[in-house]
2 protein chains.
Amino acid sequence: MASAYLQVIAHYFAKPGTGDAIVKPLTELAAATRAEPKNLYYEFFRSPVDPDHFVILEQYSDADGLAVHRDTPHFQRLGFGTIIPLLDRREVTSHMVPGDAA
Amino acid sequence: MASAYLQVIAHYFAKPGTGDAIVKPLTELAAATRAEPKNLYYEFFRSPVDPDHFVILEQYSDADGLAVHRDTPHFQRLGFGTIIPLLDRREVTSHMVPGDAA
């Protein structure tokens, strides 16, 4: 049986026409995040229909994994410092997935 | 307070180098799925790192929404008939998100 985990689905909407600019910092952020002790999964994807619309799928082993992630130096620098200023908006949902539901 | 919903995260891995071929049928499938009575959300995304890796995010108002979706004529034709034969593999997880957790 799989263990419970925190599932995060983050939608990032780049300012119109500027989606290309966040691919490189997101790639760097992904690599750094995967090294966090509580991170189980981190990948990002882009809409073929709207290339300014990105989705980041994240999984953490604990309910506080996302909060810990946001406090890391790499998220402070790449997330708050570089990527988020390039966005129009973001929508982030997170919820625990029970161990027997995955 | 938001209502509970079924969250589906589907990873589709096209056969190496053939990801472009599933964009058009996925676009058609998305439009048809959004017209299902129980569907709340259907969008698909593509990895900039691995263009053969797609993610479909789906939400349904009921726990049986995914099963109903798979029984529709459009999923039988486009999903089973067109898209899935182009894949190496797919990984689909689904879980209910409680009404107060979204």
# chains A, B, ... in the order shown; residues from 1 in each chain; ligands from 1
call {"tool": "closest_atom_pairs", "arguments": {"of": "chain A", "to": "chain B", "cutoff": "12 Å", "atoms": "only C-alpha atoms", "output": "tab-separated table"}}
result
residue	atom	partner	partner_atom	distance
A:Ala4	CA	B:His95	CA	11.7
A:Tyr5	CA	B:His95	CA	11.9
A:Leu6	CA	B:Ala101	CA	11.6
A:Gln7	CA	B:Ile9	CA	10.3
A:Val8	CA	B:Ala102	CA	10.4
A:Ile9	CA	B:Leu57	CA	9.3
A:Ala10	CA	B:Leu57	CA	11.4
A:His11	CA	B:Phe45	CA	10.9
A:Gly19	CA	B:Pro48	CA	11.3
A:Asp20	CA	B:Pro48	CA	10.1
A:Ile22	CA	B:Pro48	CA	11.1
A:Val23	CA	B:Pro48	CA	7.7
A:Lys24	CA	B:Pro48	CA	10.0
A:Leu26	CA	B:Pro48	CA	10.4
A:Thr27	CA	B:Val49	CA	8.3
A:Glu28	CA	B:Val49	CA	11.8
A:Ala30	CA	B:Val49	CA	11.1
A:Tyr42	CA	B:Ser47	CA	11.8
A:Glu43	CA	B:Ser47	CA	8.0
A:Phe44	CA	B:Ser47	CA	6.4
A:Phe45	CA	B:Ser47	CA	4.4
A:Arg46	CA	B:Phe45	CA	5.0
A:Ser47	CA	B:Phe45	CA	4.4
A:Pro48	CA	B:Phe45	CA	6.4
A:Val49	CA	B:Thr27	CA	8.3
A:Asp50	CA	B:Phe45	CA	9.4
A:Pro51	CA	B:Phe45	CA	9.4
A:Asp52	CA	B:Phe45	CA	11.3
A:His53	CA	B:Phe45	CA	8.7
A:Phe54	CA	B:Phe45	CA	7.7
A:Val55	CA	B:Phe45	CA	7.3
A:Ile56	CA	B:Phe45	CA	10.0
A:Leu57	CA	B:Ile9	CA	9.3
A:Glu58	CA	B:Ile9	CA	11.6
A:Glu91	CA	B:Ala102	CA	10.9
A:Val92	CA	B:Ala102	CA	9.2
A:Thr93	CA	B:Ala102	CA	5.9
A:Ser94	CA	B:Ala102	CA	6.7
A:His95	CA	B:Ala101	CA	6.1
A:Met96	CA	B:Val97	CA	8.4
A:Val97	CA	B:His95	CA	7.0
A:Pro98	CA	B:His95	CA	8.5
A:Gly99	CA	B:His95	CA	10.7
A:Asp100	CA	B:His95	CA	9.9
A:Ala101	CA	B:His95	CA	6.1
A:Ala102	CA	B:Thr93	CA	5.9
call {"tool": "select_by_dssp", "arguments": {"residues": "region 27-85 of chain A", "states": "strand (DSSP E or B)", "output": "list in words"}}
result
Asn39, Leu40, Tyr41, Tyr42, Glu43, Phe44, Phe45, Arg46, His53, Phe54, Val55, Ile56, Leu57, Glu58, Gln59 and Tyr60 of chain A
call {"tool": "write_last_selection", "arguments": {"atoms": "all heavy atoms", "output": "compact mmCIF listing (two decimals), in the first residue's frame"}}
result
# COMPACT_ATOMS: atom_id res chain seq x y z
N ASN A 39 10.68 16.10 -0.62
CA ASN A 39 10.12 16.09 -1.97
C ASN A 39 10.15 14.69 -2.56
O ASN A 39 11.16 13.99 -2.54
CB ASN A 39 10.88 17.05 -2.89
CG ASN A 39 10.26 17.07 -4.28
OD1 ASN A 39 10.71 16.39 -5.20
ND2 ASN A 39 9.18 17.82 -4.42
N LEU A 40 9.00 14.29 -3.11
CA LEU A 40 8.89 12.98 -3.77
C LEU A 40 8.85 13.12 -5.29
O LEU A 40 9.21 12.19 -6.01
CB LEU A 40 7.60 12.28 -3.32
CG LEU A 40 7.46 12.03 -1.81
CD1 LEU A 40 6.06 11.49 -1.51
CD2 LEU A 40 8.52 11.07 -1.31
N TYR A 41 8.38 14.28 -5.77
CA TYR A 41 8.17 14.45 -7.21
C TYR A 41 8.08 15.93 -7.52
O TYR A 41 7.46 16.69 -6.77
CB TYR A 41 6.86 13.76 -7.62
CG TYR A 41 6.57 13.75 -9.11
CD1 TYR A 41 7.04 12.73 -9.92
CD2 TYR A 41 5.83 14.77 -9.70
CE1 TYR A 41 6.79 12.72 -11.29
CE2 TYR A 41 5.58 14.78 -11.07
CZ TYR A 41 6.05 13.74 -11.85
OH TYR A 41 5.81 13.74 -13.20
N TYR A 42 8.69 16.35 -8.63
CA TYR A 42 8.57 17.74 -9.08
C TYR A 42 8.80 17.76 -10.58
O TYR A 42 9.91 17.47 -11.05
CB TYR A 42 9.59 18.64 -8.37
CG TYR A 42 9.33 20.13 -8.59
CD1 TYR A 42 8.78 20.91 -7.59
CD2 TYR A 42 9.64 20.73 -9.81
CE1 TYR A 42 8.53 22.27 -7.78
CE2 TYR A 42 9.40 22.09 -10.01
CZ TYR A 42 8.86 22.85 -8.99
OH TYR A 42 8.62 24.18 -9.19
N GLU A 43 7.76 18.04 -11.33
CA GLU A 43 7.88 18.18 -12.79
C GLU A 43 6.98 19.32 -13.22
O GLU A 43 5.94 19.56 -12.60
CB GLU A 43 7.43 16.90 -13.51
CG GLU A 43 8.29 15.67 -13.25
CD GLU A 43 9.61 15.64 -14.00
OE1 GLU A 43 9.88 16.57 -14.80
OE2 GLU A 43 10.39 14.71 -13.75
N PHE A 44 7.36 19.99 -14.29
CA PHE A 44 6.50 21.06 -14.80
C PHE A 44 6.15 20.81 -16.26
O PHE A 44 6.88 20.15 -17.00
CB PHE A 44 7.11 22.44 -14.58
CG PHE A 44 8.35 22.71 -15.38
CD1 PHE A 44 8.27 23.40 -16.58
CD2 PHE A 44 9.58 22.30 -14.93
CE1 PHE A 44 9.41 23.67 -17.33
CE2 PHE A 44 10.73 22.55 -15.68
CZ PHE A 44 10.65 23.24 -16.88
N PHE A 45 5.01 21.35 -16.64
CA PHE A 45 4.42 21.10 -17.95
C PHE A 45 3.84 22.40 -18.48
O PHE A 45 3.60 23.34 -17.72
CB PHE A 45 3.31 20.04 -17.83
CG PHE A 45 3.80 18.76 -17.22
CD1 PHE A 45 3.79 18.58 -15.84
CD2 PHE A 45 4.32 17.74 -18.01
CE1 PHE A 45 4.29 17.41 -15.27
CE2 PHE A 45 4.81 16.57 -17.45
CZ PHE A 45 4.79 16.40 -16.09
N ARG A 46 3.63 22.43 -19.82
CA ARG A 46 3.21 23.67 -20.47
C ARG A 46 2.05 23.35 -21.41
O ARG A 46 2.07 22.33 -22.10
CB ARG A 46 4.41 24.20 -21.25
CG ARG A 46 4.24 25.58 -21.83
CD ARG A 46 5.55 26.03 -22.45
NE ARG A 46 5.48 27.41 -22.89
CZ ARG A 46 6.49 28.07 -23.46
NH1 ARG A 46 7.66 27.46 -23.63
NH2 ARG A 46 6.33 29.33 -23.83
N HIS A 53 0.70 29.20 -20.06
CA HIS A 53 0.09 28.47 -18.95
C HIS A 53 0.94 27.24 -18.61
O HIS A 53 1.08 26.33 -19.42
CB HIS A 53 -1.33 28.06 -19.35
CG HIS A 53 -2.11 27.36 -18.28
ND1 HIS A 53 -3.39 26.89 -18.47
CD2 HIS A 53 -1.79 27.02 -17.01
CE1 HIS A 53 -3.81 26.30 -17.38
NE2 HIS A 53 -2.86 26.36 -16.47
N PHE A 54 1.50 27.25 -17.42
CA PHE A 54 2.32 26.14 -16.94
C PHE A 54 1.63 25.45 -15.77
O PHE A 54 0.90 26.10 -15.01
CB PHE A 54 3.69 26.66 -16.45
CG PHE A 54 4.57 27.16 -17.55
CD1 PHE A 54 4.37 28.41 -18.11
CD2 PHE A 54 5.61 26.37 -18.04
CE1 PHE A 54 5.17 28.88 -19.14
CE2 PHE A 54 6.42 26.83 -19.07
CZ PHE A 54 6.20 28.08 -19.62
N VAL A 55 1.89 24.16 -15.64
CA VAL A 55 1.43 23.41 -14.47
C VAL A 55 2.63 22.73 -13.84
O VAL A 55 3.44 22.11 -14.54
CB VAL A 55 0.37 22.36 -14.85
CG1 VAL A 55 0.23 21.30 -13.77
CG2 VAL A 55 -0.97 23.04 -15.08
N ILE A 56 2.73 22.88 -12.55
CA ILE A 56 3.78 22.19 -11.80
C ILE A 56 3.10 21.14 -10.92
O ILE A 56 2.19 21.47 -10.16
CB ILE A 56 4.57 23.17 -10.91
CG1 ILE A 56 5.07 24.36 -11.74
CG2 ILE A 56 5.74 22.45 -10.24
CD1 ILE A 56 5.62 25.50 -10.88
N LEU A 57 3.53 19.90 -11.05
CA LEU A 57 3.04 18.82 -10.19
C LEU A 57 4.13 18.51 -9.17
O LEU A 57 5.28 18.25 -9.53
CB LEU A 57 2.72 17.57 -11.01
CG LEU A 57 1.60 17.72 -12.04
CD1 LEU A 57 1.39 16.38 -12.77
CD2 LEU A 57 0.30 18.16 -11.38
N GLU A 58 3.73 18.55 -7.90
CA GLU A 58 4.68 18.33 -6.81
C GLU A 58 4.09 17.34 -5.82
O GLU A 58 2.88 17.38 -5.57
CB GLU A 58 4.95 19.65 -6.06
CG GLU A 58 5.31 20.80 -6.98
CD GLU A 58 5.36 22.16 -6.27
OE1 GLU A 58 5.86 22.23 -5.14
OE2 GLU A 58 4.87 23.14 -6.86
N GLN A 59 4.91 16.50 -5.28
CA GLN A 59 4.48 15.61 -4.19
C GLN A 59 5.51 15.69 -3.06
O GLN A 59 6.72 15.71 -3.32
CB GLN A 59 4.34 14.16 -4.67
CG GLN A 59 3.19 13.97 -5.66
CD GLN A 59 3.08 12.54 -6.17
OE1 GLN A 59 3.82 11.66 -5.73
NE2 GLN A 59 2.18 12.31 -7.10
N TYR A 60 4.97 15.71 -1.83
CA TYR A 60 5.82 15.75 -0.64
C TYR A 60 5.37 14.67 0.33
O TYR A 60 4.19 14.32 0.38
CB TYR A 60 5.73 17.13 0.04
CG TYR A 60 6.21 18.25 -0.85
CD1 TYR A 60 5.32 18.96 -1.65
CD2 TYR A 60 7.56 18.59 -0.91
CE1 TYR A 60 5.76 19.98 -2.50
CE2 TYR A 60 8.01 19.60 -1.75
CZ TYR A 60 7.11 20.29 -2.54
OH TYR A 60 7.54 21.28 -3.38
call {"tool": "atom_distance", "arguments": {"atom1": "CA of Thr18 (chain B)", "atom2": "CA of Leu87 (chain B)"}}
result
8.7 Å
call {"tool": "closest_residue", "arguments": {"among": "B:Ser61, B:Lys38, B:Thr33, B:Asp88", "to": "Pro73 (chain B)", "atoms": "only C-alpha atoms"}}
result
B:Thr33
call {"tool": "closest_residue", "arguments": {"among": "B:Pro85, B:Arg70, B:Tyr12, B:Phe75", "to": "Ala31 (chain B)", "atoms": "only C-alpha atoms"}}
result
B:Phe75
call {"tool": "atom_distance", "arguments": {"atom1": "CA of Ala32 (chain A)", "atom2": "CA of Gln76 (chain A)"}}
result
11.8 Å
call {"tool": "closest_residue", "arguments": {"among": "A:Arg90, A:His69, A:His74, A:Lys15", "to": "Leu29 (chain A)", "atoms": "only C-alpha atoms"}}
result
A:His74
call {"tool": "select_by_dssp", "arguments": {"residues": "region 22-91 of chain B", "states": "alpha helix (DSSP H)", "output": "VMD selection string"}}
result
chain B and resid 23 to 34 65 to 71 73 to 74
